[in-house]
Amino acid sequence: MLKKIIKEQAEMLMREEMKNFFEVEHPELKNSKNGSYERILDTRYGRIEDLTVPRDRNGAFKTQLFDPYQRREKWLGETIIEMYSKGCSTREIGKFIERILGNSYSATTISNITEVVIE
């Protein structure tokens, strides 16, 4: 139930954010809405499926709730790095994430996350 409320509130915030972007911040842009796209976002409250993100024709609008290709909150990446640095295996981290989010991350995905930070 909490995930449903978070999803609804996030979608409402993004709609208002887009409205404000074109009406207040950039009224000079002659841009029009172009529907939306679906996003999966892993949050501390679990995975939010089918999050509706509004978009415009020219791609001028970017939501402030998350980065363009972000699929998980930053705390999750930080937690993975911290656990890995403490000596947890990628499979152990995957099981931990599955218990928290209800969805699993493969050992390869976790390894890729840690490699990006190491670089």
# chains A, B, ... in the order shown; residues from 1 in each chain; ligands from 1
>>> residues_around(residues="Lys74 (chain A)", least_positions_apart="4", cutoff="12 Å", atoms="only C-alpha atoms", output="ChimeraX atom specification")
/A:41-44,65-67,70,78-81,113
>>> residues_around(residues="region 91-104 of chain A", least_positions_apart="3", cutoff="12 Å", atoms="only C-alpha atoms", output="number ranges by chain")
A: 3, 40-49, 72-73, 75-77, 79-88, 107-111, 113-114
>>> select_by_dssp(residues="chain A", states="helix (DSSP H, G or I)", output="PyMOL selection string")
chain A and resi 2-25+74-85+90-101+107-118
>>> select_by_dssp(residues="chain A", states="strand (DSSP E or B)", output="count of residues only")
23
>>> residues_around(residues="Ile5 (chain A)", least_positions_apart="4", cutoff="12 Å", atoms="only C-alpha atoms", output="ChimeraX atom specification")
/A:1,9-12,45,48,51
>>> write_last_selection(atoms="N, CA and C atoms", output="CSV table (one decimal), in the first residue's frame")
chain,number,residue,atom,x,y,z
A,1,MET,N,0.8,-1.2,0.0
A,1,MET,CA,0.0,0.0,0.0
A,1,MET,C,0.9,1.3,0.0
A,9,GLN,N,2.1,9.8,-5.5
A,9,GLN,CA,2.6,11.1,-5.2
A,9,GLN,C,3.8,11.5,-6.1
A,10,ALA,N,4.6,10.6,-6.4
A,10,ALA,CA,5.7,10.9,-7.3
A,10,ALA,C,5.2,11.3,-8.7
A,11,GLU,N,4.2,10.6,-9.2
A,11,GLU,CA,3.6,11.0,-10.5
A,11,GLU,C,3.0,12.4,-10.5
A,12,MET,N,2.3,12.7,-9.4
A,12,MET,CA,1.7,14.0,-9.2
A,12,MET,C,2.8,15.1,-9.2
A,45,TYR,N,11.5,1.7,-0.2
A,45,TYR,CA,10.2,1.1,0.2
A,45,TYR,C,9.9,-0.1,-0.7
A,48,ILE,N,9.1,0.2,-7.4
A,48,ILE,CA,7.9,0.8,-7.9
A,48,ILE,C,7.8,0.5,-9.4
A,51,LEU,N,6.1,3.4,-13.1
A,51,LEU,CA,6.1,4.8,-12.7
A,51,LEU,C,5.9,5.6,-14.0
>>> closest_residue(among="A:Ser36, A:Asn31, A:Ser106, A:Thr63", to="Met14 (chain A)", atoms="only C-alpha atoms")
A:Thr63
>>> atom_distance(atom1="CA of Gly59 (chain A)", atom2="CA of Phe21 (chain A)")
12.1 Å
>>> atom_distance(atom1="CA of Ser32 (chain A)", atom2="CA of Pro54 (chain A)")
11.1 Å
>>> atom_distance(atom1="CA of His26 (chain A)", atom2="CA of Lys7 (chain A)")
26.7 Å
>>> residues_around(residues="Met18 (chain A)", least_positions_apart="2", cutoff="9 Å", atoms="only C-alpha atoms", output="list in words")
Leu13, Met14, Arg15, Glu16, Asn20, Phe21, Phe22, Glu23, Lys33, Pro54, Arg55, Asp56, Phe61, Lys62 and Thr63 of chain A
>>> decode(residues="region 48-93 of chain A", atoms="N, CA and C atoms", output="PDB file, in the first residue's frame")
ATOM      1  N   ILE A  48       9.059   0.168  -7.358  1.00  0.00           N
ATOM      2  CA  ILE A  48       7.863   0.812  -7.886  1.00  0.00           C
ATOM      3  C   ILE A  48       7.804   0.492  -9.376  1.00  0.00           C
ATOM      4  N   GLU A  49       6.801  -0.276  -9.745  1.00  0.00           N
ATOM      5  CA  GLU A  49       6.632  -0.695 -11.135  1.00  0.00           C
ATOM      6  C   GLU A  49       5.811   0.359 -11.883  1.00  0.00           C
ATOM      7  N   ASP A  50       6.070   0.494 -13.151  1.00  0.00           N
ATOM      8  CA  ASP A  50       5.255   1.327 -14.043  1.00  0.00           C
ATOM      9  C   ASP A  50       5.062   2.755 -13.540  1.00  0.00           C
ATOM     10  N   LEU A  51       6.121   3.365 -13.096  1.00  0.00           N
ATOM     11  CA  LEU A  51       6.077   4.766 -12.695  1.00  0.00           C
ATOM     12  C   LEU A  51       5.930   5.600 -13.969  1.00  0.00           C
ATOM     13  N   THR A  52       4.889   6.401 -14.068  1.00  0.00           N
ATOM     14  CA  THR A  52       4.608   7.182 -15.272  1.00  0.00           C
ATOM     15  C   THR A  52       5.363   8.504 -15.205  1.00  0.00           C
ATOM     16  N   VAL A  53       6.300   8.693 -16.144  1.00  0.00           N
ATOM     17  CA  VAL A  53       7.140   9.885 -16.181  1.00  0.00           C
ATOM     18  C   VAL A  53       6.720  10.728 -17.389  1.00  0.00           C
ATOM     19  N   PRO A  54       6.266  11.971 -17.170  1.00  0.00           N
ATOM     20  CA  PRO A  54       5.846  12.806 -18.306  1.00  0.00           C
ATOM     21  C   PRO A  54       7.035  13.238 -19.156  1.00  0.00           C
ATOM     22  N   ARG A  55       6.761  13.471 -20.428  1.00  0.00           N
ATOM     23  CA  ARG A  55       7.816  13.945 -21.325  1.00  0.00           C
ATOM     24  C   ARG A  55       7.245  14.984 -22.282  1.00  0.00           C
ATOM     25  N   ASP A  56       8.149  15.746 -22.893  1.00  0.00           N
ATOM     26  CA  ASP A  56       7.741  16.747 -23.869  1.00  0.00           C
ATOM     27  C   ASP A  56       8.383  16.417 -25.212  1.00  0.00           C
ATOM     28  N   ARG A  57       7.917  17.066 -26.262  1.00  0.00           N
ATOM     29  CA  ARG A  57       8.370  16.743 -27.620  1.00  0.00           C
ATOM     30  C   ARG A  57       9.866  16.991 -27.832  1.00  0.00           C
ATOM     31  N   ASN A  58      10.392  18.070 -27.293  1.00  0.00           N
ATOM     32  CA  ASN A  58      11.786  18.434 -27.548  1.00  0.00           C
ATOM     33  C   ASN A  58      12.767  17.920 -26.502  1.00  0.00           C
ATOM     34  N   GLY A  59      12.283  17.265 -25.478  1.00  0.00           N
ATOM     35  CA  GLY A  59      13.166  16.727 -24.445  1.00  0.00           C
ATOM     36  C   GLY A  59      13.768  17.774 -23.533  1.00  0.00           C
ATOM     37  N   ALA A  60      13.117  18.932 -23.415  1.00  0.00           N
ATOM     38  CA  ALA A  60      13.640  20.003 -22.563  1.00  0.00           C
ATOM     39  C   ALA A  60      13.395  19.720 -21.081  1.00  0.00           C
ATOM     40  N   PHE A  61      12.301  19.049 -20.769  1.00  0.00           N
ATOM     41  CA  PHE A  61      11.942  18.795 -19.376  1.00  0.00           C
ATOM     42  C   PHE A  61      12.646  17.554 -18.849  1.00  0.00           C
ATOM     43  N   LYS A  62      13.265  17.702 -17.692  1.00  0.00           N
ATOM     44  CA  LYS A  62      13.876  16.585 -16.954  1.00  0.00           C
ATOM     45  C   LYS A  62      13.412  16.680 -15.508  1.00  0.00           C
ATOM     46  N   THR A  63      12.862  15.613 -14.988  1.00  0.00           N
ATOM     47  CA  THR A  63      12.396  15.629 -13.609  1.00  0.00           C
ATOM     48  C   THR A  63      13.569  15.748 -12.642  1.00  0.00           C
ATOM     49  N   GLN A  64      13.315  16.342 -11.498  1.00  0.00           N
ATOM     50  CA  GLN A  64      14.332  16.489 -10.462  1.00  0.00           C
ATOM     51  C   GLN A  64      14.296  15.334  -9.462  1.00  0.00           C
ATOM     52  N   LEU A  65      13.288  14.446  -9.586  1.00  0.00           N
ATOM     53  CA  LEU A  65      13.168  13.332  -8.646  1.00  0.00           C
ATOM     54  C   LEU A  65      14.268  12.292  -8.826  1.00  0.00           C
ATOM     55  N   PHE A  66      14.717  12.112 -10.068  1.00  0.00           N
ATOM     56  CA  PHE A  66      15.787  11.163 -10.343  1.00  0.00           C
ATOM     57  C   PHE A  66      16.456  11.533 -11.650  1.00  0.00           C
ATOM     58  N   ASP A  67      17.663  11.003 -11.869  1.00  0.00           N
ATOM     59  CA  ASP A  67      18.416  11.271 -13.093  1.00  0.00           C
ATOM     60  C   ASP A  67      17.789  10.531 -14.275  1.00  0.00           C
ATOM     61  N   PRO A  68      18.076  10.953 -15.512  1.00  0.00           N
ATOM     62  CA  PRO A  68      17.424  10.369 -16.677  1.00  0.00           C
ATOM     63  C   PRO A  68      17.440   8.841 -16.775  1.00  0.00           C
ATOM     64  N   TYR A  69      18.536   8.177 -16.491  1.00  0.00           N
ATOM     65  CA  TYR A  69      18.573   6.719 -16.628  1.00  0.00           C
ATOM     66  C   TYR A  69      18.687   5.999 -15.290  1.00  0.00           C
ATOM     67  N   GLN A  70      18.412   6.704 -14.231  1.00  0.00           N
ATOM     68  CA  GLN A  70      18.514   6.140 -12.888  1.00  0.00           C
ATOM     69  C   GLN A  70      17.416   5.106 -12.661  1.00  0.00           C
ATOM     70  N   ARG A  71      17.780   3.939 -12.172  1.00  0.00           N
ATOM     71  CA  ARG A  71      16.823   2.874 -11.909  1.00  0.00           C
ATOM     72  C   ARG A  71      16.697   2.553 -10.421  1.00  0.00           C
ATOM     73  N   ARG A  72      17.572   3.124  -9.603  1.00  0.00           N
ATOM     74  CA  ARG A  72      17.524   2.872  -8.176  1.00  0.00           C
ATOM     75  C   ARG A  72      17.961   4.119  -7.423  1.00  0.00           C
ATOM     76  N   GLU A  73      17.463   4.249  -6.211  1.00  0.00           N
ATOM     77  CA  GLU A  73      17.876   5.377  -5.385  1.00  0.00           C
ATOM     78  C   GLU A  73      19.351   5.255  -5.055  1.00  0.00           C
ATOM     79  N   LYS A  74      19.966   6.381  -4.781  1.00  0.00           N
ATOM     80  CA  LYS A  74      21.409   6.401  -4.510  1.00  0.00           C
ATOM     81  C   LYS A  74      21.783   5.610  -3.274  1.00  0.00           C
ATOM     82  N   TRP A  75      20.917   5.552  -2.281  1.00  0.00           N
ATOM     83  CA  TRP A  75      21.230   4.825  -1.056  1.00  0.00           C
ATOM     84  C   TRP A  75      21.506   3.354  -1.342  1.00  0.00           C
ATOM     85  N   LEU A  76      20.842   2.792  -2.363  1.00  0.00           N
ATOM     86  CA  LEU A  76      21.024   1.386  -2.666  1.00  0.00           C
ATOM     87  C   LEU A  76      22.440   1.123  -3.184  1.00  0.00           C
ATOM     88  N   GLY A  77      22.896   1.956  -4.100  1.00  0.00           N
ATOM     89  CA  GLY A  77      24.263   1.820  -4.600  1.00  0.00           C
ATOM     90  C   GLY A  77      25.284   1.990  -3.497  1.00  0.00           C
ATOM     91  N   GLU A  78      25.045   2.958  -2.621  1.00  0.00           N
ATOM     92  CA  GLU A  78      25.955   3.191  -1.504  1.00  0.00           C
ATOM     93  C   GLU A  78      25.976   1.992  -0.552  1.00  0.00           C
ATOM     94  N   THR A  79      24.809   1.388  -0.323  1.00  0.00           N
ATOM     95  CA  THR A  79      24.723   0.219   0.548  1.00  0.00           C
ATOM     96  C   THR A  79      25.481  -0.959  -0.054  1.00  0.00           C
ATOM     97  N   ILE A  80      25.316  -1.150  -1.362  1.00  0.00           N
ATOM     98  CA  ILE A  80      26.027  -2.241  -2.047  1.00  0.00           C
ATOM     99  C   ILE A  80      27.532  -2.048  -1.915  1.00  0.00           C
ATOM    100  N   ILE A  81      28.005  -0.829  -2.145  1.00  0.00           N
ATOM    101  CA  ILE A  81      29.437  -0.545  -2.051  1.00  0.00           C
ATOM    102  C   ILE A  81      29.940  -0.787  -0.634  1.00  0.00           C
ATOM    103  N   GLU A  82      29.182  -0.320   0.344  1.00  0.00           N
ATOM    104  CA  GLU A  82      29.586  -0.486   1.746  1.00  0.00           C
ATOM    105  C   GLU A  82      29.666  -1.961   2.128  1.00  0.00           C
ATOM    106  N   MET A  83      28.658  -2.735   1.738  1.00  0.00           N
ATOM    107  CA  MET A  83      28.660  -4.158   2.055  1.00  0.00           C
ATOM    108  C   MET A  83      29.819  -4.869   1.360  1.00  0.00           C
ATOM    109  N   TYR A  84      30.068  -4.492   0.118  1.00  0.00           N
ATOM    110  CA  TYR A  84      31.157  -5.113  -0.648  1.00  0.00           C
ATOM    111  C   TYR A  84      32.514  -4.791  -0.013  1.00  0.00           C
ATOM    112  N   SER A  85      32.666  -3.544   0.422  1.00  0.00           N
ATOM    113  CA  SER A  85      33.941  -3.148   1.041  1.00  0.00           C
ATOM    114  C   SER A  85      34.158  -3.840   2.389  1.00  0.00           C
ATOM    115  N   LYS A  86      33.068  -4.265   3.039  1.00  0.00           N
ATOM    116  CA  LYS A  86      33.176  -4.972   4.325  1.00  0.00           C
ATOM    117  C   LYS A  86      33.409  -6.470   4.138  1.00  0.00           C
ATOM    118  N   GLY A  87      33.440  -6.910   2.862  1.00  0.00           N
ATOM    119  CA  GLY A  87      33.765  -8.305   2.607  1.00  0.00           C
ATOM    120  C   GLY A  87      32.602  -9.204   2.259  1.00  0.00           C
ATOM    121  N   CYS A  88      31.404  -8.660   2.094  1.00  0.00           N
ATOM    122  CA  CYS A  88      30.267  -9.491   1.697  1.00  0.00           C
ATOM    123  C   CYS A  88      30.427  -9.896   0.229  1.00  0.00           C
ATOM    124  N   SER A  89      30.015 -11.097  -0.089  1.00  0.00           N
ATOM    125  CA  SER A  89      30.086 -11.551  -1.481  1.00  0.00           C
ATOM    126  C   SER A  89      28.936 -10.938  -2.270  1.00  0.00           C
ATOM    127  N   THR A  90      29.064 -10.977  -3.583  1.00  0.00           N
ATOM    128  CA  THR A  90      28.003 -10.412  -4.434  1.00  0.00           C
ATOM    129  C   THR A  90      26.708 -11.197  -4.263  1.00  0.00           C
ATOM    130  N   ARG A  91      26.805 -12.491  -4.025  1.00  0.00           N
ATOM    131  CA  ARG A  91      25.589 -13.297  -3.816  1.00  0.00           C
ATOM    132  C   ARG A  91      24.919 -12.957  -2.480  1.00  0.00           C
ATOM    133  N   GLU A  92      25.704 -12.733  -1.461  1.00  0.00           N
ATOM    134  CA  GLU A  92      25.152 -12.327  -0.157  1.00  0.00           C
ATOM    135  C   GLU A  92      24.454 -10.978  -0.277  1.00  0.00           C
ATOM    136  N   ILE A  93      25.065 -10.063  -0.993  1.00  0.00           N
ATOM    137  CA  ILE A  93      24.451  -8.743  -1.194  1.00  0.00           C
ATOM    138  C   ILE A  93      23.155  -8.892  -1.974  1.00  0.00           C
TER     139      ILE A  93
END
